[in-house]
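Student: Just so it is clear, I am handing over target_6.csv, which has CSV, C-alpha atoms.
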```csv
chain,number,residue,atom,x,y,z
E,247,MET,CA,-5.1,-20.8,-5.7
E,248,ILE,CA,-3.4,-17.5,-6.4
E,249,VAL,CA,-1.4,-15.8,-3.6
E,250,LEU,CA,-0.1,-12.2,-3.7
E,251,GLY,CA,3.0,-12.1,-1.4
E,252,ILE,CA,4.2,-8.8,0.0
E,253,ASP,CA,7.5,-7.8,1.6
E,254,PRO,CA,6.4,-4.4,2.9
E,255,GLY,CA,8.6,-1.3,3.1
E,256,LEU,CA,8.1,2.4,2.6
E,257,ALA,CA,10.9,2.9,0.1
E,258,SER,CA,10.6,-0.5,-1.6
E,259,THR,CA,7.6,-2.9,-1.2
E,260,GLY,CA,8.3,-6.3,-2.8
E,261,TYR,CA,5.5,-8.2,-4.4
E,262,GLY,CA,5.2,-11.7,-5.8
E,263,VAL,CA,2.3,-13.5,-7.3
E,264,VAL,CA,2.3,-17.3,-7.1
E,265,GLN,CA,-0.3,-19.8,-8.3
E,266,SER,CA,-0.6,-23.2,-6.8
E,267,ALA,CA,-2.4,-25.8,-8.9
E,268,ALA,CA,-2.2,-29.6,-8.9
E,269,GLY,CA,0.7,-29.5,-6.4
E,270,ARG,CA,2.8,-27.2,-8.6
E,271,LEU,CA,3.9,-23.7,-7.8
E,272,VAL,CA,4.2,-21.1,-10.6
E,273,ALA,CA,5.4,-17.5,-10.4
E,274,LEU,CA,2.9,-15.2,-12.3
E,275,ASP,CA,4.5,-11.9,-11.4
E,276,GLY,CA,7.0,-10.2,-9.2
E,277,GLY,CA,8.8,-7.0,-8.6
E,278,VAL,CA,9.1,-3.9,-6.4
E,279,ILE,CA,6.9,-0.9,-5.8
E,280,GLU,CA,9.3,2.0,-5.2
E,281,THR,CA,8.4,5.3,-3.7
E,282,GLY,CA,10.5,8.5,-3.9
E,283,VAL,CA,12.4,9.4,-0.7
E,284,ALA,CA,11.7,13.1,-1.3
E,285,ALA,CA,7.9,12.6,-1.4
E,286,PRO,CA,5.8,13.2,1.7
E,287,GLN,CA,5.1,10.0,3.6
E,288,GLU,CA,1.3,10.2,3.0
E,289,ARG,CA,1.9,10.3,-0.7
E,290,ARG,CA,4.3,7.4,-0.6
E,291,LEU,CA,1.7,5.3,1.3
E,292,ALA,CA,-0.9,6.3,-1.2
E,293,GLU,CA,1.4,5.1,-4.0
E,294,ILE,CA,1.9,1.7,-2.3
E,295,HIS,CA,-1.9,1.4,-1.8
E,296,ALA,CA,-2.7,2.2,-5.4
E,297,ALA,CA,0.0,-0.2,-6.7
E,298,VAL,CA,-1.2,-3.0,-4.5
E,299,ASP,CA,-4.8,-2.3,-5.5
E,300,ALA,CA,-3.8,-2.5,-9.1
E,301,LEU,CA,-2.1,-5.9,-8.5
E,302,LEU,CA,-5.2,-7.2,-6.7
E,303,GLY,CA,-7.3,-6.1,-9.7
E,304,GLU,CA,-5.0,-7.6,-12.2
E,305,HIS,CA,-4.3,-11.0,-10.6
E,306,GLU,CA,-7.5,-11.5,-8.5
E,307,PRO,CA,-5.7,-13.5,-5.8
E,308,ASP,CA,-7.4,-15.7,-3.3
E,309,ALA,CA,-5.2,-14.5,-0.5
E,310,LEU,CA,-2.6,-11.8,0.3
E,311,ALA,CA,0.3,-12.9,2.5
E,312,LEU,CA,2.6,-10.4,4.2
E,313,GLU,CA,5.8,-10.6,6.0
E,314,GLN,CA,5.3,-9.6,9.6
E,315,LEU,CA,7.1,-6.6,11.1
E,316,TYR,CA,10.6,-7.4,12.3
E,317,PHE,CA,11.6,-5.1,15.2
E,318,GLY,CA,15.4,-4.5,14.8
E,319,GLN,CA,17.4,-1.7,16.1
E,320,ASN,CA,15.8,1.1,14.1
E,321,VAL,CA,12.4,2.1,15.5
E,322,ARG,CA,11.8,4.7,12.8
E,323,THR,CA,12.1,2.0,10.1
E,324,ALA,CA,9.8,-0.3,12.0
E,325,PHE,CA,7.1,2.4,12.1
E,326,ALA,CA,7.5,3.1,8.3
E,327,VAL,CA,7.2,-0.7,7.5
E,328,GLY,CA,4.1,-0.9,9.8
E,329,GLN,CA,2.5,2.0,7.9
E,330,ALA,CA,3.3,0.3,4.6
E,331,ARG,CA,1.7,-2.9,5.9
E,332,GLY,CA,-1.4,-0.9,6.8
E,333,ALA,CA,-1.6,0.6,3.3
E,334,VAL,CA,-1.3,-3.0,1.8
E,335,MET,CA,-3.9,-4.5,4.2
E,336,LEU,CA,-6.3,-1.6,3.5
E,337,ALA,CA,-6.2,-2.4,-0.3
E,338,ALA,CA,-6.8,-6.0,0.4
E,339,GLY,CA,-9.6,-5.2,2.8
E,340,GLN,CA,-11.3,-2.9,0.3
E,341,ARG,CA,-11.4,-5.8,-2.1
E,342,GLY,CA,-12.4,-8.5,0.4
E,343,VAL,CA,-9.1,-10.4,0.0
E,344,PRO,CA,-8.1,-12.3,3.2
E,345,CYS,CA,-4.7,-11.5,4.6
E,346,ALA,CA,-2.2,-13.8,6.4
E,347,SER,CA,1.0,-12.7,8.1
E,348,TYR,CA,4.2,-14.8,8.6
E,349,THR,CA,7.3,-14.0,10.5
E,350,PRO,CA,10.6,-13.9,8.6
E,351,GLN,CA,11.6,-17.2,10.3
E,352,GLN,CA,8.4,-18.9,9.2
E,353,VAL,CA,9.0,-17.8,5.6
E,354,LYS,CA,12.6,-18.9,5.6
E,355,SER,CA,11.7,-22.3,7.2
E,356,ALA,CA,8.9,-22.9,4.7
E,357,VAL,CA,11.2,-22.1,1.7
E,358,CYS,CA,14.6,-23.3,2.9
E,359,GLY,CA,13.9,-25.7,5.8
E,360,SER,CA,15.7,-23.4,8.2
E,361,GLY,CA,14.4,-20.2,9.9
E,362,ARG,CA,18.0,-18.9,9.9
E,363,ALA,CA,18.5,-19.1,6.1
E,364,GLN,CA,20.4,-16.1,4.5
E,365,LYS,CA,18.8,-13.9,1.8
E,366,ASP,CA,20.9,-15.5,-0.9
E,367,GLN,CA,19.7,-19.0,0.1
E,368,VAL,CA,16.0,-17.8,0.0
E,369,ALA,CA,16.6,-16.4,-3.5
E,370,ARG,CA,18.2,-19.7,-4.7
E,371,MET,CA,15.4,-21.8,-3.3
E,372,ILE,CA,12.7,-19.5,-4.8
E,373,LYS,CA,14.4,-20.0,-8.2
E,374,THR,CA,14.3,-23.7,-7.8
E,375,LEU,CA,10.8,-24.1,-6.3
E,376,LEU,CA,9.3,-21.9,-9.0
E,377,GLY,CA,11.4,-23.1,-11.9
E,378,LEU,CA,12.7,-19.7,-12.7
E,379,ILE,CA,15.6,-19.1,-15.1
E,380,GLU,CA,17.4,-16.9,-12.7
E,381,GLU,CA,17.1,-15.7,-9.1
E,382,PRO,CA,14.5,-13.0,-8.6
E,383,ARG,CA,16.0,-9.5,-8.0
E,384,PRO,CA,16.0,-7.4,-6.1
E,385,ASP,CA,15.9,-9.0,-2.7
E,386,HIS,CA,12.5,-7.5,-1.9
E,387,ALA,CA,10.9,-9.3,-4.9
E,388,ALA,CA,12.5,-12.6,-3.9
E,389,ASP,CA,11.3,-12.2,-0.3
E,390,ALA,CA,7.7,-11.4,-1.5
E,391,LEU,CA,7.7,-14.5,-3.7
E,392,ALA,CA,8.9,-16.5,-0.6
E,393,VAL,CA,6.0,-15.1,1.5
E,394,ALA,CA,3.6,-16.2,-1.3
E,395,VAL,CA,5.2,-19.7,-1.5
E,396,CYS,CA,5.0,-20.0,2.3
E,397,HIS,CA,1.3,-19.2,2.3
E,398,ALA,CA,0.5,-21.4,-0.7
E,399,ASN,CA,2.1,-24.4,1.0
E,400,ARG,CA,0.4,-23.7,4.4
E,401,ALA,CA,-3.1,-22.9,3.1
E,402,PRO,CA,-4.2,-26.5,2.5
E,403,LEU,CA,-3.3,-27.5,6.1
E,404,SER,CA,-4.8,-24.3,7.5
E,405,ALA,CA,-8.1,-25.0,5.6
E,406,ALA,CA,-8.2,-28.6,6.8
E,407,LEU,CA,-7.6,-27.5,10.4
E,408,ALA,CA,-10.3,-24.9,10.2
E,409,GLU,CA,-12.7,-27.5,8.8
E,410,ILE,CA,-11.9,-29.9,11.6
E,411,GLY,CA,-12.4,-27.1,14.1
E,412,GLY,CA,-15.7,-26.1,12.6
E,413,ALA,CA,-16.9,-29.7,12.7
E,414,ALA,CA,-16.0,-30.1,16.4
E,415,ARG,CA,-18.4,-27.2,17.4
```
Written as structure tokens, how would this file's structure read?
Tutor:
Amino acid sequence: MIVLGIDPGLASTGYGVVQSAAGRLVALDGGVIETGVAAPQERRLAEIHAAVDALLGEHEPDALALEQLYFGQNVRTAFAVGQARGAVMLAAGQRGVPCASYTPQQVKSAVCGSGRAQKDQVARMIKTLLGLIEEPRPDHAADALAVAVCHANRAPLSAALAEIGGAAR
């Protein structure tokens, strides 16, 4: 299974591609899609959409996993992140790639064992879990890889539960 993980943002959208095979996780790609702050918002969203579409075409993932929107103090940022999520989900929907969303706490718990883990702990665990030479940088790339790892580890259980649920009908 190949999972494209996304840490959405208008200025910086992190992405990470993870393959799960025979119980091992391997990082295939990771980085950040950056948009210019001076560009109109619709252009920035179009850039995010196009970049994610290209990643979907290149890696042909079985699923796309996104970090859910975290509502902090800044409502303006929350709206921008929500719009970036929409651009990402549109690209996946156009290609028929199923999407899953995880809260930051679910991702941290899946990767570090604690939903309260700090960003540096997440980066260290991603390095270890994926056998990387160094911690992924910037933070958005590490977070996106963590989202992909979270989904890759949860997918077998989710599939089994869906199968059980379907058999019970």
Student: Mind checking which residues fall within 12 Å of range 288-303 of chain E, counting all atoms listed in the file, ignoring those fewer than 2 positions away in the same chain, and posting them as a VMD selection string?
Tutor: chain E and resid 248 to 263 274 to 286 305 to 310 326 to 344
Student: What is the distance between CA of Glu313 in chain E and CA of Ser347 in chain E, in Å to one decimal?
Tutor: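 Separating CA of Glu313 in chain E from CA of Ser347 in chain E is a distance of 5.6 Å.
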Student: Taking only C-alpha atoms into account, which of E:Ala398, E:Ala311, E:Leu271, E:Ala363 comes nearest Ala346 in chain E?
Tutor: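 That would be E:Ala311, the residue with the smallest distance to Ala346 in chain E.
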Student: I'd like the interatomic distance between CA of Val353 in chain E and CA of Ala392 in chain E, to a tenth of an Å.
Tutor: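 Calculated distance between CA of Val353 in chain E and CA of Ala392 in chain E is 6.3 Å.
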Student: Given the choices E:Asp389, E:Gln351, E:Ala268, E:Arg383, which gets closest to Val368 in chain E if the distance is worked out from all atoms listed in the file?
Tutor: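 The closest residue to Val368 in chain E is E:Asp389.
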Student: Which residue gives the smallest distance to Lys365 in chain E among E:Ala387, E:Ala273, E:Leu312, E:Ile379, with all atoms listed in the file counted?
Tutor: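 Nearest to Lys365 in chain E: E:Ala387.
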Student: Record the distance separating CA of Leu375 in chain E and CA of Asn399 in chain E, expressed in Å with one decimal.
Tutor: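 So the answer is 11.4 Å.
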Student: Would you mind telling me which residue in E:Met247, E:Thr349, E:Ile372, E:Gly361 lies nearest to Ser266 in chain E when using all atoms listed in the file?
Tutor: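 For Ser266 in chain E, the nearest of the candidates is E:Met247.
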Student: Find the residues near Thr374 in chain E: any atom within 12 Å, counting all atoms listed in the file, skip ones fewer than 3 places away on the same chain, and give them as a ChimeraX atom specification.
Tutor: /E:271-273,357-358,367-371,377-382,388,392,395
Student: Pick out the closest residue to Arg270 in chain E from this set: E:Leu376, E:Ala356, E:Ala324, E:Cys345. Count only C-alpha atoms.
Tutor: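 Of E:Leu376, E:Ala356, E:Ala324, E:Cys345, the one nearest Arg270 in chain E is E:Leu376, counting only C-alpha atoms.
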Student: Let me make sure I understand: among E:Pro350, E:Val264, E:Cys396, E:Val321, which one has the smallest atom-to-atom distance to Arg362 in chain E if we use all atoms listed in the file?
Tutor: E:Pro350
Student: Quick one: axis-aligned box around all listed atoms of range 307-317 of chain E, 8 Å on every side, centre and edge lengths in Å to one decimal, written as AutoDock Vina command-line options.
Tutor:
```
--center_x 2.1 --center_y -10.4 --center_z 4.7 --size_x 35.0 --size_y 26.6 --size_z 37.0
```
